[in-house]
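Report on the structure given below.
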Amino acid sequence: MDAREQIDGPALSPRTTVIDLHPKTILSFNKSPDVPFDRSVNAYGGCEHGCIYCFARPTHAYHDLSPGLDFETKLFAKPTAAKLLRETLAKPGYNPAPIAMGTNTDPYQPIETRYRITRAVLELCLEVRHPVTITTKSDRVLRDLDLLAEMARANLVHVGISVTSLDPHLSQLLEPRAASPAKRLAALGKLAAAGVPAHVSVAPVIPSITDQFIEGILEAAAAQGISSATWIIVRLPHEVAPLFREWLETHFPDRASKVMATIRSLRGGRDNDPAFFTRMRAEGVWAELFRQRFRIAAARHGITRPNVTLDCSQFRRPTLDGQLSLL
């Protein structure tokens, strides 16, 4: 029995189901020193993209579901997200700061086409002039280009699109229901052409699997008019590690042990480092090599790190009747 079967049980034909959730609040706050935001909105739970490396997979355990197949096929939607956010923004003590979307699961995964929850949240943020950052690996973000372009003119939005490789076959293995690399790069170009601040995230970098594409992704992004980029090394928290090892043994048995040995060398001898200050930053010889390659390629193409400085001063507190407060 492989790792996926140990977690999910015997394999069945996958069928996606979506359950509506009605939480009491939608805006989550954090004090993590490792992320550049202190609040976020996640309109969905689980993610149909099915990325094998997704660090958010273990969160499905909160619903007594598995981080394996359940995470990809038993999804949750929060259709009242915009209403709940309006209630929070209307509170007298609320102080605006950029809201991050796409921090746990992708706001533009396929079910957004039907639910349009992300769009409803953006419509509210545009209405009240509240800044937003978006992280996605889908070209569906272009469906909201009208909103994003208007928000960009007021310096209220920044978009990051992650590109893992330039090989469509490899990307399909890693991210079976995500947009192809070519579509993501084209989406970056269209965002840039519309004046929407956007950057490419070379993420995750997987040693001996995707690191070969670092330079090519930066070159391709620069050709699309993108001038900023980030990179993130792969993270394998909790149940993600055995799922990823099984994926390696299935698709890359010739180098599976090498890949895991390199990952452990980046994480102090473990599959994952959960500690604050180090969990997002790999250490060691391999980490420094990746950093140097990224820096050299970025400099070659005139690419810098994103400068996400959005304007909070325009925020206009809403009232619960849909009007804007004059205070």
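Chain labels A, B, ... are given in the sequence in which chains occur in the structure tokens; within each chain residues are numbered consecutively from 1, and ligands are likewise numbered from 1 in the order shown.
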Would you list the contacts of stretch 266-282 of chain A as a short mmCIF file (atom, residue, chain, number, x, y, z; two decimals) with C-alpha atoms, in the first residue's frame, taking every protein, DNA or RNA residue within 7 Å and counting only C-alpha atoms, but skipping same-chain residues closer than 6 positions in sequence?
data_model
loop_
_atom_site.label_atom_id
_atom_site.label_comp_id
_atom_site.auth_asym_id
_atom_site.auth_seq_id
_atom_site.Cartn_x
_atom_site.Cartn_y
_atom_site.Cartn_z
CA PRO A 33 7.33 36.84 11.06
CA ASP A 34 7.71 34.78 7.88
CA ILE A 233 11.99 26.47 -1.99
CA ARG A 235 8.09 22.88 1.79
CA LEU A 236 6.85 19.45 2.92
CA PRO A 237 4.96 19.84 6.21
CA ALA A 241 6.19 14.64 2.84
#
Could you give me, as a list in words, the residues within 12 Å of A:Lys78, counting only C-alpha atoms and dropping anything in the same chain fewer than 6 positions from it?
->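 That gives Val18, Ile19, Asp20, Leu21, His22, Pro23, Lys24, Thr25, Ile26, Leu27, Val41, Asn42, Ala43, Tyr44, Gly45, Gly46, Leu84, Leu85, Pro107, Ile111, Glu112, Tyr115, Arg116, Ile117, Thr118, Ala120 and Val121 of chain A.
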Mind checking DSSP for stretch 166-220 of chain A and telling me the alpha helix (DSSP H) residues as a list in words?
->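 Of stretch 166-220 of chain A, only Pro168, His169, Leu170, Ser171, Gln172, Leu173, Leu174, Pro181, Ala182, Lys183, Arg184, Leu185, Ala186, Ala187, Leu188, Gly189, Lys190, Leu191, Ala192, Ala193, Ile214, Glu215, Gly216, Ile217, Leu218, Glu219 and Ala220 of chain A fall in alpha helix (DSSP H).
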Using only C-alpha atoms, which residues sit within 9 Å of A:Asp144 once same-chain residues fewer than 5 positions away are excluded, as a list in words?
->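 Result of the neighbour search: Arg119, Leu122 and Ala149 of chain A.
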Just write the chosen residues, N, CA and C atoms, as a CSV table (one decimal), in the first residue's frame.
chain,number,residue,atom,x,y,z
A,119,ARG,N,-14.3,37.3,-7.1
A,119,ARG,CA,-14.7,38.5,-7.7
A,119,ARG,C,-15.6,39.3,-6.8
A,122,LEU,N,-13.3,41.2,-4.5
A,122,LEU,CA,-12.6,42.3,-5.2
A,122,LEU,C,-13.6,43.4,-5.5
A,149,ALA,N,-7.6,46.2,-13.1
A,149,ALA,CA,-7.1,47.4,-13.8
A,149,ALA,C,-7.5,48.7,-13.1
Atomic distance atom CA of A:Ile226 - atom CA of A:Ile303, expressed in Å with one decimal = 7.6 Å
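Nearest-residue note for A:Gln109: choosing from A:Tyr94, A:Phe76, A:Phe213, A:Phe294, the minimum distance belongs to A:Phe76, counting only C-alpha atoms.
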Write down as a VMD selection string the residues of stretch 31-216 of chain A whose backbone DSSP state falls under strand (DSSP E or B).
-> chain A and resid 39 to 41 44 to 45 74 to 77 99 to 101 132 to 136 157 to 163 198 to 205
Would you kindly return, as a ChimeraX atom specification, each protein, DNA or RNA residue with an atom no farther than 12 Å from any atom of A:Ala223, considering only C-alpha atoms and excluding same-chain residues fewer than 6 positions away?
-> /A:185-186,188-190,192-193,200,216-217,301-303
Keeping only N, CA and C atoms, take the residues you just selected and write them out as an mmCIF file, in the first residue's frame.
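And here is the file that came out, selection25.cif:
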data_model
loop_
_atom_site.group_PDB
_atom_site.id
_atom_site.type_symbol
_atom_site.label_atom_id
_atom_site.label_comp_id
_atom_site.auth_asym_id
_atom_site.auth_seq_id
_atom_site.Cartn_x
_atom_site.Cartn_y
_atom_site.Cartn_z
ATOM 1 N N LEU A 185 2.316 32.504 -17.934
ATOM 2 C CA LEU A 185 3.213 33.559 -18.409
ATOM 3 C C LEU A 185 2.451 34.560 -19.280
ATOM 4 N N ALA A 186 1.546 34.060 -20.114
ATOM 5 C CA ALA A 186 0.740 34.962 -20.941
ATOM 6 C C ALA A 186 -0.148 35.843 -20.066
ATOM 7 N N LEU A 188 0.561 36.873 -17.056
ATOM 8 C CA LEU A 188 1.442 37.908 -16.511
ATOM 9 C C LEU A 188 1.612 39.047 -17.513
ATOM 10 N N GLY A 189 1.794 38.680 -18.785
ATOM 11 C CA GLY A 189 1.948 39.697 -19.817
ATOM 12 C C GLY A 189 0.711 40.566 -19.961
ATOM 13 N N LYS A 190 -0.457 39.952 -19.896
ATOM 14 C CA LYS A 190 -1.701 40.715 -20.042
ATOM 15 C C LYS A 190 -1.949 41.612 -18.835
ATOM 16 N N ALA A 192 0.475 42.953 -17.018
ATOM 17 C CA ALA A 192 1.432 44.047 -17.175
ATOM 18 C C ALA A 192 0.950 45.045 -18.218
ATOM 19 N N ALA A 193 0.417 44.538 -19.324
ATOM 20 C CA ALA A 193 -0.054 45.422 -20.389
ATOM 21 C C ALA A 193 -1.228 46.278 -19.935
ATOM 22 N N VAL A 200 6.369 37.473 -11.042
ATOM 23 C CA VAL A 200 6.402 36.023 -11.183
ATOM 24 C C VAL A 200 7.043 35.437 -9.941
ATOM 25 N N GLY A 216 15.173 30.101 -16.999
ATOM 26 C CA GLY A 216 14.235 30.193 -18.110
ATOM 27 C C GLY A 216 12.942 30.893 -17.744
ATOM 28 N N ILE A 217 12.453 30.656 -16.525
ATOM 29 C CA ILE A 217 11.223 31.316 -16.090
ATOM 30 C C ILE A 217 11.430 32.823 -15.996
ATOM 31 N N HIS A 301 18.247 40.081 -16.529
ATOM 32 C CA HIS A 301 17.010 40.502 -17.200
ATOM 33 C C HIS A 301 16.394 41.748 -16.568
ATOM 34 N N GLY A 302 17.139 42.415 -15.707
ATOM 35 C CA GLY A 302 16.629 43.645 -15.094
ATOM 36 C C GLY A 302 15.478 43.434 -14.148
ATOM 37 N N ILE A 303 15.460 42.277 -13.502
ATOM 38 C CA ILE A 303 14.368 41.920 -12.605
ATOM 39 C C ILE A 303 14.781 42.174 -11.156
#
In terms of the shortest atom-to-atom distance over only C-alpha atoms, which of A:Val234, A:Leu156, A:Ala287, A:Leu145 is closest to A:Arg129?
->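 Ranking A:Val234, A:Leu156, A:Ala287, A:Leu145 by distance to A:Arg129, first place goes to A:Leu156.
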For A:Pro131, which residue out of A:Asp321, A:Asp38, A:Glu150, A:Asp311 is the nearest one, using only C-alpha atoms?
-> A:Asp311
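Closest approach to A:Phe252 among A:Thr113, A:Thr133, A:Asn95, A:Ser208: A:Ser208, based on only C-alpha atoms.
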Point out the residue among A:Leu166, A:Pro207, A:Phe37, A:Glu288 with the least atom-to-atom distance to A:Ser257, counting only C-alpha atoms.
-> A:Pro207
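Atom CA of A:Trp247 sits 20.0 Å away from atom CA of A:Leu65.
Between atom CA of A:Pro92 and atom CA of A:Gln314 the interatomic distance comes to 15.9 Å.
Of the residues listed (A:Arg305, A:Arg57, A:Lys137, A:Arg143), A:Lys137 shows the shortest atom-to-atom separation from A:Ser171; distances use only C-alpha atoms.
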Neighbours of A:Ser138 within 8 Å (only C-alpha atoms; same-chain residues fewer than 2 positions away dropped), as JSON, numbers by chain?
-> {"A": [108, 109, 136, 140, 141, 161, 178, 179, 183, 184]}
Who sits within 10 Å of stretch 15-17 of chain A, only C-alpha atoms, same chain under 4 positions skipped, as a list of chain:residue names =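 Close residues of stretch 15-17 of chain A: A:Glu48, A:Leu69, A:Asp70, A:Phe71, A:Glu72, A:Thr73, A:Lys74, A:Leu75, A:Phe76, A:Ile111.
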